[in-house]
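The file run_14.txt comes next; it holds compact mmCIF, C-alpha atoms.
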```txt
# COMPACT_ATOMS: atom_id res chain seq x y z
CA MET A 1 39.35 44.79 78.60
CA SER A 2 37.48 41.56 79.34
CA VAL A 3 33.86 41.21 78.21
CA SER A 4 33.37 37.50 79.00
CA TYR A 5 32.46 35.78 82.24
CA ILE A 6 35.30 33.99 84.02
CA PRO A 7 34.21 31.32 86.54
CA GLU A 8 35.25 31.89 90.16
CA LYS A 9 37.16 28.60 90.28
CA ILE A 10 39.30 29.76 87.34
CA LYS A 11 39.96 33.10 89.06
CA THR A 12 40.97 31.29 92.26
CA ARG A 13 43.38 29.01 90.41
CA LEU A 14 44.92 31.99 88.61
CA TRP A 15 45.37 33.84 91.91
CA GLY A 16 47.13 30.77 93.31
CA LYS A 17 49.46 30.37 90.33
CA ALA A 18 50.35 34.08 90.39
CA ALA A 19 50.68 34.10 94.21
CA GLY A 20 48.51 37.20 94.24
CA ARG A 21 51.08 39.31 92.39
CA CYS A 22 51.19 41.14 89.07
CA GLN A 23 52.57 38.81 86.40
CA TYR A 24 54.04 41.56 84.21
CA GLU A 25 57.81 41.08 83.96
CA GLY A 26 59.70 43.00 86.63
CA CYS A 27 56.56 44.18 88.48
CA ASN A 28 55.56 41.48 91.01
CA GLU A 29 53.38 44.03 92.85
CA PRO A 30 51.22 42.44 95.59
CA LEU A 31 47.57 42.79 94.59
CA TRP A 32 45.90 42.10 97.93
CA TYR A 33 46.74 45.42 99.59
CA ASP A 34 47.63 49.03 98.86
CA SER A 35 51.39 49.52 99.33
CA THR A 36 50.87 53.17 100.33
CA THR A 37 48.05 52.97 102.87
CA LYS A 38 48.58 49.27 103.74
CA ILE A 39 44.80 48.77 103.51
CA GLU A 40 43.97 45.25 102.32
CA PHE A 41 41.66 44.81 99.34
CA ASN A 42 41.70 43.11 95.93
CA SER A 43 43.29 45.48 93.41
CA SER A 44 43.91 42.90 90.69
CA TYR A 45 42.72 42.71 87.09
CA ILE A 46 42.47 39.60 84.96
CA ALA A 47 43.91 40.20 81.51
CA HIS A 48 43.42 38.06 78.42
CA ILE A 49 46.52 37.31 76.38
CA VAL A 50 44.40 36.58 73.33
CA ALA A 51 41.41 38.92 73.76
CA ASP A 52 38.03 37.34 74.42
CA SER A 53 36.73 39.36 71.47
CA PRO A 54 38.09 39.07 67.90
CA ASN A 55 38.34 42.86 67.78
CA GLY A 56 40.25 43.12 71.08
CA PRO A 57 44.01 43.20 71.68
CA ARG A 58 45.62 40.15 70.06
CA GLY A 59 42.11 38.94 69.18
CA ASP A 60 41.39 36.08 66.78
CA LYS A 61 38.16 35.05 64.98
CA VAL A 62 38.36 31.48 66.29
CA ARG A 63 40.72 31.43 69.25
CA SER A 64 39.21 34.41 71.11
CA GLU A 65 36.10 32.43 72.01
CA GLU A 66 37.96 29.16 72.55
CA LEU A 67 40.45 30.73 75.03
CA SER A 68 38.12 33.18 76.80
CA GLN A 69 37.99 31.02 79.97
CA ASP A 70 41.27 29.12 79.51
CA ILE A 71 43.58 29.71 82.50
CA GLY A 72 46.57 29.42 80.18
CA ASN A 73 45.33 32.55 78.41
CA LEU A 74 44.77 34.61 81.56
CA MET A 75 47.17 36.81 83.51
CA LEU A 76 46.80 38.49 86.90
CA MET A 77 47.85 42.12 86.62
CA CYS A 78 47.90 45.47 88.33
CA ASP A 79 45.89 48.31 86.83
CA ALA A 80 48.89 50.02 85.23
CA HIS A 81 50.16 46.98 83.35
CA HIS A 82 46.69 45.83 82.38
CA ARG A 83 46.17 49.20 80.70
CA LEU A 84 49.65 49.08 79.17
CA ILE A 85 49.17 45.78 77.33
CA ASP A 86 45.53 46.39 76.29
CA ARG A 87 45.51 50.12 75.49
CA GLU A 88 48.80 52.02 75.56
CA ASP A 89 51.20 49.60 73.89
CA ILE A 90 49.34 46.72 72.29
CA GLU A 91 51.90 46.39 69.49
CA GLY A 92 54.74 46.04 72.01
CA HIS A 93 53.00 43.15 73.75
CA PRO A 94 52.42 40.34 71.26
CA GLU A 95 51.00 37.01 72.40
CA GLU A 96 54.38 35.29 72.53
CA ARG A 97 55.82 37.89 74.90
CA LEU A 98 52.90 37.69 77.33
CA VAL A 99 52.90 33.89 77.31
CA GLU A 100 56.59 33.94 78.26
CA MET A 101 55.95 36.46 81.07
CA LYS A 102 53.19 34.30 82.51
CA LYS A 103 55.28 31.13 82.25
CA LYS A 104 58.32 32.62 84.02
CA HIS A 105 56.27 34.20 86.80
CA GLU A 106 54.30 31.05 87.56
CA GLU A 107 57.41 28.85 87.50
CA LYS A 108 59.13 31.23 89.93
CA MET A 109 56.15 31.33 92.29
CA GLU A 110 55.84 27.54 92.25
CA MET A 111 59.51 27.17 93.06
CA LEU A 112 59.43 29.72 95.88
CA THR A 113 56.35 28.27 97.55
CA SER A 114 57.75 24.73 97.46
CA LEU A 115 60.97 25.54 99.34
CA THR A 116 61.54 23.68 102.62
CA ASP A 117 63.13 24.90 105.86
CA ASP A 118 66.47 23.25 105.09
CA LYS A 119 66.88 25.66 102.17
CA GLN A 120 66.74 28.74 104.38
CA SER A 121 69.89 30.83 104.48
CA HIS A 122 70.75 34.10 106.21
CA VAL A 123 72.15 36.63 103.75
CA ILE A 124 75.36 38.30 104.99
CA LEU A 125 76.37 41.48 103.12
CA TYR A 126 79.79 42.99 103.77
CA GLY A 127 81.22 46.05 102.06
CA ALA A 128 84.09 48.51 102.55
CA ASN A 129 85.48 51.28 100.35
CA ILE A 130 87.97 50.21 97.68
CA GLY A 131 90.04 53.17 96.53
CA GLN A 132 87.57 55.81 95.34
CA HIS A 133 84.71 53.32 95.05
CA SER A 134 82.09 52.96 97.78
CA ALA A 135 80.97 49.42 98.47
CA MET A 136 77.27 48.65 98.12
CA VAL A 137 76.07 45.05 97.93
CA SER A 138 72.51 44.69 96.57
CA ILE A 139 70.21 42.40 98.58
CA GLN A 140 68.07 41.75 95.49
CA LYS A 141 71.03 40.66 93.37
CA ALA A 142 72.16 38.46 96.26
CA ILE A 143 68.77 36.75 96.44
CA ASP A 144 68.73 36.24 92.67
CA ALA A 145 72.08 34.43 92.94
CA MET A 146 70.90 32.17 95.80
CA LEU A 147 67.74 30.88 94.14
CA PRO A 148 66.72 28.12 93.64
CA GLU A 149 69.25 26.26 95.84
CA LYS A 150 68.64 28.54 98.84
CA TYR A 151 66.23 31.28 99.78
CA PRO A 152 66.59 34.11 102.31
CA ALA A 153 65.56 33.32 105.87
CA GLU A 154 64.69 37.00 106.43
CA ARG A 155 63.37 39.81 104.22
CA VAL A 156 66.52 41.87 104.71
CA GLY A 157 70.13 40.75 104.87
CA ILE A 158 72.55 41.22 107.75
CA GLU A 159 74.62 44.18 106.55
CA LEU A 160 78.16 44.76 107.84
CA ARG A 161 79.69 48.03 106.75
CA LEU A 162 80.84 51.39 108.06
CA GLY A 163 78.11 53.70 106.74
CA ASN A 164 79.21 56.83 104.85
CA SER A 165 82.88 56.14 105.57
CA GLN A 166 85.22 58.88 104.33
CA PHE A 167 88.36 56.82 104.91
CA LYS A 168 90.20 55.38 101.87
CA ASP A 169 92.32 52.26 101.68
CA ASP A 170 95.56 54.20 101.12
CA GLU A 171 95.26 55.73 104.60
CA THR A 172 96.86 53.99 107.59
CA LEU A 173 93.87 54.78 109.81
CA TYR A 174 91.52 53.12 107.34
CA TRP A 175 92.69 49.59 108.14
CA ALA A 176 92.42 49.92 111.91
CA ILE A 177 88.98 51.54 111.80
CA GLU A 178 87.46 49.24 109.18
CA ARG A 179 88.85 46.11 110.80
CA GLU A 180 87.61 47.04 114.27
CA ASN A 181 84.20 48.01 112.93
CA LEU A 182 83.95 44.69 111.09
CA LYS A 183 84.81 42.74 114.26
CA ARG A 184 82.26 44.60 116.37
CA GLN A 185 79.46 44.36 113.84
CA PHE A 186 80.16 40.68 113.22
CA ASN A 187 80.10 39.90 116.95
CA ASN A 188 76.88 41.87 117.49
CA ASP A 189 74.94 40.90 114.38
CA VAL A 190 76.22 37.46 113.38
CA ARG A 191 78.14 35.62 116.10
CA SER A 192 75.50 36.36 118.74
CA ARG A 193 72.91 34.57 116.57
CA LEU A 194 74.91 31.53 115.47
CA LYS A 195 73.76 29.44 118.44
CA THR A 196 70.14 30.52 118.31
CA GLY A 197 68.94 31.28 114.80
CA ILE A 198 71.50 30.98 111.99
CA ASN A 199 72.04 27.53 110.50
CA HIS A 200 73.36 28.53 107.10
CA MET A 201 74.83 31.71 105.62
CA SER A 202 75.00 33.05 102.07
CA VAL A 203 77.93 35.45 101.93
CA PHE A 204 78.26 38.42 99.56
CA ALA A 205 81.27 40.68 100.08
CA PHE A 206 83.05 43.49 98.25
CA ALA A 207 86.01 45.11 100.00
CA PRO A 208 89.83 45.33 99.88
CA MET A 209 91.42 41.88 100.00
CA PRO A 210 92.95 42.11 103.51
CA LEU A 211 89.55 42.97 104.99
CA LEU A 212 87.92 40.13 103.07
CA ILE A 213 90.49 37.74 104.53
CA GLU A 214 89.69 39.07 108.00
CA PHE A 215 85.97 38.68 107.27
CA GLY A 216 86.58 35.07 106.28
CA ARG A 217 88.55 34.48 109.48
CA LEU A 218 85.57 35.70 111.50
CA LEU A 219 83.23 33.44 109.55
CA CYS A 220 85.62 30.45 109.81
CA ASP A 221 84.63 27.18 108.13
CA ILE A 222 82.77 25.60 111.04
CA GLN A 223 79.46 27.27 110.21
CA ALA A 224 77.83 26.14 106.94
CA ALA A 225 78.12 28.93 104.38
CA ASP A 226 78.11 29.57 100.65
CA VAL A 227 80.49 32.31 99.52
CA TYR A 228 79.55 34.07 96.27
CA GLN A 229 81.64 35.85 93.65
CA LEU A 230 80.84 39.18 91.97
CA HIS A 231 81.41 38.73 88.22
CA ARG A 232 82.19 41.45 85.72
CA GLU A 233 80.68 39.67 82.70
CA PRO A 234 77.79 39.25 83.19
CA ALA A 235 77.64 41.71 86.09
CA ASN A 236 76.02 39.56 88.77
CA TRP A 237 76.74 37.09 91.59
CA ASP A 238 75.32 34.01 89.84
CA TRP A 239 77.57 30.96 89.69
CA GLN A 240 78.26 29.82 86.14
CA GLU A 241 79.39 26.65 84.40
CA ASN A 242 82.72 25.21 85.48
CA PRO A 243 85.45 25.87 82.85
CA LYS A 244 86.93 22.71 81.33
CA ASN A 245 90.47 21.63 82.24
CA PHE A 246 90.86 24.41 84.79
CA LYS A 247 93.66 24.08 87.34
CA PHE A 248 95.69 26.10 89.81
CA ASN A 249 99.48 26.09 89.48
CA VAL A 250 101.42 25.76 92.73
CA ILE A 251 105.04 26.90 92.30
CA PRO A 252 107.56 26.20 95.09
CA PRO A 253 110.43 28.60 95.91
CA ASP A 254 113.64 28.51 93.87
CA HIS A 255 115.51 28.32 97.19
CA PHE A 256 114.61 27.97 100.88
CA SER A 257 115.31 30.49 103.60
CA GLU A 258 113.86 31.42 106.96
CA THR A 259 111.53 34.13 105.59
CA ALA A 260 108.48 32.72 103.76
CA ALA A 261 106.05 34.56 101.48
CA LEU A 262 102.99 33.45 99.54
CA ASN A 263 102.35 35.10 96.17
CA LEU A 264 98.69 34.71 95.12
CA SER A 265 98.70 35.79 91.47
CA LEU A 266 95.16 34.94 90.36
CA SER A 267 93.25 38.08 89.38
CA ALA A 268 96.53 39.76 88.39
CA THR A 269 100.22 38.87 88.22
CA ILE A 270 102.45 39.89 91.12
CA ASP A 271 106.08 39.88 90.06
CA ASN A 272 108.32 38.38 92.73
CA SER A 273 110.61 41.39 92.50
CA ARG A 274 107.89 43.47 94.15
CA ILE A 275 107.91 41.12 97.13
CA ARG A 276 111.72 41.17 97.31
CA ASP A 277 111.62 44.97 97.32
CA ILE A 278 109.90 44.70 100.70
CA LEU A 279 111.35 41.57 102.28
CA GLY A 280 114.82 41.38 100.71
CA ASN A 281 116.38 38.80 98.42
CA ASP A 282 116.91 36.05 101.00
CA ILE A 283 113.32 34.85 100.92
CA SER A 284 111.33 31.77 99.96
CA ILE A 285 108.42 32.74 97.72
CA TRP A 286 105.64 30.19 97.23
CA THR A 287 103.10 30.92 94.49
CA ILE A 288 99.57 29.94 93.57
CA THR A 289 98.61 31.14 90.10
CA ILE A 290 96.80 30.18 86.90
CA ASP A 291 97.95 30.04 83.31
CA THR A 292 96.59 33.52 82.53
CA PRO A 293 95.76 35.61 85.62
CA TYR A 294 92.90 38.07 85.09
CA ASN A 295 90.18 39.67 87.18
CA ASP A 296 87.18 37.64 85.99
CA PHE A 297 88.54 34.10 85.76
CA LEU A 298 86.52 32.69 88.67
CA LYS A 299 83.18 31.48 87.33
CA SER A 300 82.10 28.40 89.26
CA ARG A 301 81.67 26.91 92.72
CA GLU A 302 83.98 24.10 91.65
CA GLN A 303 86.86 26.51 91.03
CA LEU A 304 86.40 28.02 94.50
CA GLN A 305 86.32 24.58 96.11
CA LEU A 306 89.48 23.60 94.21
CA PHE A 307 91.23 26.70 95.55
CA ARG A 308 90.28 25.74 99.12
CA GLU A 309 91.85 22.32 98.61
CA GLU A 310 95.05 23.67 97.06
CA PHE A 311 95.40 26.39 99.71
CA ARG A 312 94.96 23.95 102.62
CA MET A 313 97.57 21.55 101.25
CA LEU A 314 100.02 24.38 100.61
CA MET A 315 99.59 25.84 104.10
CA ASN A 316 100.51 22.45 105.55
CA GLU A 317 103.55 22.16 103.29
CA ILE A 318 104.80 25.68 104.10
CA LYS A 319 104.55 25.00 107.82
CA ALA A 320 106.44 21.71 107.42
CA ARG A 321 109.20 23.43 105.42
CA HIS A 322 109.60 26.59 107.50
CA GLY A 323 108.71 25.45 111.00
CA GLN A 324 105.73 26.09 113.24
CA ASN A 325 107.27 29.17 114.88
CA ASN A 326 107.58 31.11 111.63
CA THR A 327 105.33 33.74 109.99
CA LEU A 328 103.94 33.75 106.46
CA HIS A 329 103.91 37.01 104.46
CA LEU A 330 100.80 37.03 102.26
CA PHE A 331 100.58 39.06 99.01
CA PRO A 332 97.09 38.61 97.48
CA ALA A 333 95.76 39.47 94.03
CA VAL A 334 92.61 37.36 94.14
CA PRO A 335 88.85 37.51 93.50
CA VAL A 336 86.65 38.57 96.43
CA SER A 337 85.33 35.07 97.14
CA VAL A 338 88.85 33.62 97.19
CA ALA A 339 89.94 36.27 99.70
CA VAL A 340 87.04 35.33 101.98
CA GLU A 341 87.87 31.64 101.65
CA ILE A 342 91.52 32.29 102.57
CA GLY A 343 90.30 33.58 105.91
CA ARG A 344 87.83 30.72 106.34
CA CYS A 345 90.46 28.08 105.50
CA TRP A 346 93.16 29.54 107.76
CA MET A 347 93.35 27.50 110.97
CA PRO A 348 94.57 29.48 114.01
CA LYS A 349 95.93 26.45 115.89
CA ALA A 350 97.46 24.72 112.89
CA ASP A 351 98.68 27.37 110.44
CA LEU A 352 101.42 29.97 110.54
CA PRO A 353 100.44 33.54 111.53
CA LEU A 354 99.84 35.78 108.52
CA LYS A 355 101.26 39.19 107.69
CA ILE A 356 98.84 40.67 105.17
CA TYR A 357 99.93 43.13 102.47
CA ASP A 358 97.87 45.36 100.20
CA GLN A 359 98.69 47.28 97.04
CA ASN A 360 99.21 50.95 98.00
CA ARG A 361 98.13 53.37 95.29
CA LYS A 362 100.26 56.24 96.58
CA THR A 363 103.55 54.32 96.56
CA ASN A 364 102.60 51.95 93.74
CA GLY A 365 103.82 49.07 95.88
CA PHE A 366 102.69 46.72 98.62
CA THR A 367 102.24 47.86 102.23
CA HIS A 368 101.87 45.73 105.34
CA VAL A 369 98.37 46.48 106.74
CA PHE A 370 97.82 44.06 109.64
CA ASP A 371 98.56 40.59 111.03
CA ILE A 372 96.33 37.60 111.63
CA THR A 373 97.49 35.46 114.52
CA SER A 374 96.16 32.66 116.71
CA SER A 375 95.47 35.17 119.47
CA GLU A 376 92.94 37.12 117.38
```

Structure translated into structure tokens:
Amino acid sequence: MSVSYIPEKIKTRLWGKAAGRCQYEGCNEPLWYDSTTKIEFNSSYIAHIVADSPNGPRGDKVRSEELSQDIGNLMLMCDAHHRLIDREDIEGHPEERLVEMKKKHEEKMEMLTSLTDDKQSHVILYGANIGQHSAMVSIQKAIDAMLPEKYPAERVGIELRLGNSQFKDDETLYWAIERENLKRQFNNDVRSRLKTGINHMSVFAFAPMPLLIEFGRLLCDIQAADVYQLHREPANWDWQENPKNFKFNVIPPDHFSETAALNLSLSATIDNSRIRDILGNDISIWTITIDTPYNDFLKSREQLQLFREEFRMLMNEIKARHGQNNTLHLFPAVPVSVAVEIGRCWMPKADLPLKIYDQNRKTNGFTHVFDITSSE
């Protein structure tokens, strides 16, 4: 515990750099009020990294006196963490660790307090059950992925999901109920605010691919939005470095017929025989794939943008080849962000209507779930 006098101007500067919050990693507790009673008062402690006494925690015969009033050696802390580093676990909190905590906290606070209005973004969270897995999208992980390019316009995100749904995606009723719920929630919670308060959206979604495509259709590409991808390794939504020499492979049909299908083999490979099992052999199958399809290939914003470009060009080519009065059968095996972008890229007045298929676990094959048309 501190035994030296710390000038008020040093305390004030430290409070500013810490933004009034505990600087212990992962805490961030506000120190100007009690979170239980909401009564406002100063509950902070000022901790020395190198103790102001040679015999104190991390003390030094020379440096303790030299750094006793140095703001670089001081941390703002809550009572619990002040006691932790100075009494309960001194050995587990060497100088280097505390210096790094202080540095990261102050850099984060400086960044957050310097953000301008044009960096505000409304967080949109959409989830629906996938098989036996319930969809929960974490607002905190979403915010972590947005920063520092954008920051949330509101403390909570706009959440679109059917709470406590007992319907599974291998049930026919599931698709009708989830799709209608999505439409209604989107109209009430998002579309109604687009003209009055939402200028930019940050989109985080985890649901079966057909519903993600529908979600993207509702979003469309007129409103500014960033669509994020949930990664498996590491398990977060943060965009990563763009892989070198990455490309999508667009494969035209081996013959042309009236019936057109689009095979999107990106997160997994869809054998064309599975599509022919449903639509017959007299079919034109277009394909977008990559050299080695797998479920965690999508790492960067650049890859997602490249998909948008390839998809738009292919939609134009398919319409030119098959005629504007045709329908396109869509078989997707794609990452969540790609599914959303399919819906955003699809143009109701310019593109062919879509018949959307989903892998059915009970039949171990694809099932037609719903259509997307210009009249939607």

Extract, using all atoms listed in the file, all DNA, RNA and protein residues at most 7 Å from Met201 of chain A, discarding same-chain residues fewer than 3 positions from it, and format them as a compact mmCIF listing (two decimals) with C-alpha atoms, keeping the file's coordinate frame.
```txt
# COMPACT_ATOMS: atom_id res chain seq x y z
CA SER A 121 69.89 30.83 104.48
CA HIS A 122 70.75 34.10 106.21
CA VAL A 123 72.15 36.63 103.75
CA ILE A 124 75.36 38.30 104.99
CA ALA A 224 77.83 26.14 106.94
CA ALA A 225 78.12 28.93 104.38
CA ASP A 226 78.11 29.57 100.65
```

Taking (94.6, 32.7, 85.6) as a centre in this file's frame and 10 Å as the limit, can you find every polymer residue with an atom that close, using all atoms listed in the file, and give them as an NGL selection string?
:A and (246-249 or 265-269 or 288-298 or 334)

Write the residues of the selection above to a file with C-alpha atoms, as an mmCIF file, in the frame of the given file.
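Just written: selection.cif:
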```
data_model
loop_
_atom_site.group_PDB
_atom_site.id
_atom_site.type_symbol
_atom_site.label_atom_id
_atom_site.label_comp_id
_atom_site.auth_asym_id
_atom_site.auth_seq_id
_atom_site.Cartn_x
_atom_site.Cartn_y
_atom_site.Cartn_z
ATOM 1 C CA PHE A 246 90.860 24.410 84.790
ATOM 2 C CA LYS A 247 93.660 24.080 87.340
ATOM 3 C CA PHE A 248 95.690 26.100 89.810
ATOM 4 C CA ASN A 249 99.480 26.090 89.480
ATOM 5 C CA SER A 265 98.700 35.790 91.470
ATOM 6 C CA LEU A 266 95.160 34.940 90.360
ATOM 7 C CA SER A 267 93.250 38.080 89.380
ATOM 8 C CA ALA A 268 96.530 39.760 88.390
ATOM 9 C CA THR A 269 100.220 38.870 88.220
ATOM 10 C CA ILE A 288 99.570 29.940 93.570
ATOM 11 C CA THR A 289 98.610 31.140 90.100
ATOM 12 C CA ILE A 290 96.800 30.180 86.900
ATOM 13 C CA ASP A 291 97.950 30.040 83.310
ATOM 14 C CA THR A 292 96.590 33.520 82.530
ATOM 15 C CA PRO A 293 95.760 35.610 85.620
ATOM 16 C CA TYR A 294 92.900 38.070 85.090
ATOM 17 C CA ASN A 295 90.180 39.670 87.180
ATOM 18 C CA ASP A 296 87.180 37.640 85.990
ATOM 19 C CA PHE A 297 88.540 34.100 85.760
ATOM 20 C CA LEU A 298 86.520 32.690 88.670
ATOM 21 C CA VAL A 334 92.610 37.360 94.140
#
```

Selection as JSON, numbers by chain: residues within 10 Å of (45.1, 29.7, 80.9), counting only C-alpha atoms:
{"A": [10, 13, 14, 48, 49, 67, 68, 69, 70, 71, 72, 73, 74, 75, 99, 102]}

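Candidate residues A:Ser337, A:Gln303, A:Thr113, A:Asn199 were compared for distance to Ile222 of chain A, and the nearest is A:Asn199, using all atoms listed in the file.
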
For segment 229-334 of chain A versus segment 134-150 of chain A, which residues have an atom no more than 12 Å away, and what is each residue's nearest atom pair and distance in Å rounded to one decimal, using only C-alpha atoms, chain-then-number order, as CSV?
```
residue,atom,partner,partner_atom,distance
A:Gln229,CA,A:Ala145,CA,9.7
A:Leu230,CA,A:Val137,CA,9.6
A:His231,CA,A:Ala145,CA,11.3
A:Ala235,CA,A:Lys141,CA,9.9
A:Asn236,CA,A:Lys141,CA,6.9
A:Trp237,CA,A:Ala145,CA,5.5
A:Asp238,CA,A:Ala145,CA,4.5
A:Trp239,CA,A:Ala145,CA,7.3
A:Gln240,CA,A:Ala145,CA,10.3
```

Within 8 Å of segment 56-63 of chain A using all atoms listed in the file, minus same-chain residues under 2 positions, as a ChimeraX atom specification
/A:1,49-54,65-67,86,90,94-95

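Of the listed residues A:Asp170, A:Lys183, A:Asp34, A:Glu110, the one whose atoms come nearest to Asn364 of chain A is A:Asp170, with distances taken using only C-alpha atoms.
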
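In this model, the gap between atom CA of Lys119 of chain A and atom CA of Glu154 of chain A comes to 12.3 Å.
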
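The two atoms in question, atom CA of Arg312 of chain A and atom CA of Ala261 of chain A, are spaced 15.4 Å apart.
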
Restricting the calculation to all atoms listed in the file, which member of A:Arg87, A:Glu40, A:Gly365, A:Asp351 is positioned closest to Asp277 of chain A?
A:Gly365

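When only C-alpha atoms are used to measure the gap to Ile270 of chain A, the shortest distance among A:Leu330, A:Leu182, A:Leu98, A:Ala128 belongs to A:Leu330.
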
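Of the residues listed (A:Gln23, A:Arg179, A:Glu159, A:Asp89), A:Arg179 shows the shortest atom-to-atom separation from Arg217 of chain A; distances use all atoms listed in the file.
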
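Among the candidates A:Ala47, A:Cys27, A:Val336, A:Ala18, the residue lying nearest to Leu211 of chain A is A:Val336 (atoms considered: all atoms listed in the file).
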